[in-house]
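This report refers to the structure that appears directly beneath it.
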Amino acid sequence: MAFINDLGKIIVFLFLLLSVFLITAKPKRKLPNYLFAAFLLISVVDLSGFFLNTPDHGLIKAFKRSSILLQMPLYYLYVNAACYYNFTLNKNQLLHGVPFLFFFGLLSIMGVSEQNQKIFDIVSVIQYYYYIIAVFWTLRTFKKIYQENYSSNHHLTYKWLLQTTVLFLIGNVFVLIRGFVKDNNAVFLGLYAFSSLFVLFVVSWFVLNALYQPSLFTGIDKDLVPVEAEKESKEEPEQLKDLLKFMDMEKPYLDDKLTLQKLAEQIGMAEKQLSLLINQYMGKHFFDFINEFRINYAKVLLKNQPQLTVQEVLYEVGFNSKSSFYTAFKKETGVTPTDYRKSII
C-alpha cells in the first residue's frame, strides 16, 4: 500500500511538472501543448484520489468523480490539434463538456449514491469507447489525407499517436479488470500498482516523443479531404508522361516540404487531377510516389558518392528524418541504406 501511495505521488508530481512544461514551452503551435496539459491536469484529479485524502465536501467529490468525463474529450481534441495545424477551438466544441456538467450538477445536488454511481459508470464506459472510436477515425482520415497531399514526416505523427491510443486502450483494460477483482484486496492492489506504472510509462513516452521530435507538431491542413477515385482508364494519359519527365528533369522531390499543392502549381495542374493521376496510374499515394524518387536518387548517391555519409545523403535527397529515411528505404529496397552501400562496394 505504501508503495502504491509513493508511486501515485510520483506520477502526480510528474504530471504536474509536465503540464507546467507544456504550458510554458514556446513551440510554433501552442494549442496541442495546452490541450495535452489540460488532459494531464484532469488525469491528476482522478489519480490523486487513491492516495490523497479528498475533503468530504459535496462539490469537491462531485467534481473529482465527474472530471473523468473530461479526459477523453480533451485527448480527442488534442489528437485533432496534433494532426491539423489549422485546427481551432470553437463554441461548438463546448458540447464535449456537457456530460461532465450534467453529472457534476447531478452529483453535487443528489450526492454519490449507489444508483447514481451505476449510471455514471455506464455513461463513462460508453463515452470512453465513443471517443476511442472517434480518435481512430480521426487518425484514419489524417493518414489518408497526408498520404495524398504531403511528402514530409507526418507518418511519424500518425504512428506515435496511434501507438499511444492503443496503449491508453490497454490501460483501460487494466482498469476494467481491476473492477472485477476489487473484492480481492491483494490482487486489486497488485493490478493498481501495475496499471500505475503503465500509466507513468505511457505518458512519459508520449511527451518525450514530443520533446525529441518537435516536427511532430507541424500538422496538416484539416480542410483537405481524401479524393474520390474515378473509373480507371487503361490508356496512359499524356499528363503522366509530362509529370514523370518533370520529376526526372527538375527533381522537385528534393524539397523536404514538398506538398501536392506545390507540385501541382509547378506543373500547372489542378491538385485533384494530379492526385488522381498518381493514385490511378502509378498505384501510389503522393507520399509513396515522392519517396520512390527520393530513394532512387539516394541509391545513386550511395553508389557514386562514397564520401557522403548516410545522413548527408538523406538530407540531400529530401528527407529530414533518419527514421523516415530508413523506413522508406527499407520498404523500397528490402535493406537499410548502410547494407545497400555495403552490397554495391
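Just so we're on the same page: first chain in the C-alpha cells is A, next is B, and so on; residues restart at 1 for each chain, and ligands are numbered from 1 in the order they show up.
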
Set the distance at 12 Å and use only C-alpha atoms: which residues neighbour Ile278 of chain A once local chain neighbours fewer than 4 positions away are removed? I'd like the list as an NGL selection string.
:A and (147-149 or 227 or 229 or 232 or 236-237 or 239-241 or 243-244 or 260 or 263-264 or 271-274 or 282-290)

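The shell of residues at most 12 Å from Thr138 of chain A, with only C-alpha atoms counted and near chain neighbours (fewer than 3 positions) removed, consists of Tyr75, Tyr76, Leu77, Tyr78, Val79, Asn80, Ala81, Ala82, Cys83, Tyr84, Tyr131, Ile132, Ile133, Ala134, Val135, Thr141, Phe142, Lys143, Lys144, Ile145, Tyr158, Leu161, Leu162, Thr165 and Lys222 of chain A.
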
Find the residues around Ser108 of chain A up to 10 Å (only C-alpha atoms counted), leave out those fewer than 4 positions away in its own chain, and share them as a PyMOL selection string.
chain A and resi 57-63+66+102-104+112

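With atom CA of Ala328 of chain A on one side and atom CA of Phe168 of chain A on the other, the separation reads 27.9 Å.
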
May I have a table of the residues of segment 85-169 of chain A lying at most 12 Å from segment 323-326 of chain A, giving each one's closest pair of atoms and their distance in Å to one decimal, counting only C-alpha atoms, ordered by chain and ascending residue number, as a tab-separated table?
residue	atom	partner	partner_atom	distance
A:Ser151	CA	A:Ser324	CA	10.7
A:Ser152	CA	A:Ser324	CA	8.8
A:Asn153	CA	A:Ser324	CA	6.8
A:His154	CA	A:Ser324	CA	9.7
A:His155	CA	A:Ser324	CA	8.5
A:Leu156	CA	A:Ser324	CA	7.8
A:Thr157	CA	A:Ser324	CA	11.4
A:Lys159	CA	A:Ser324	CA	11.4

Pick out the residues sitting within 12 Å of Gly97 of chain A, and hand them over as a PyMOL selection string; count only C-alpha atoms, and ignore anything fewer than 3 positions along from it in its own chain.
chain A and resi 66-74+77+91-94+100-104+127

To one decimal place, how far is atom CA of Gly171 of chain A from atom CA of Lys118 of chain A in Å?
21.3 Å
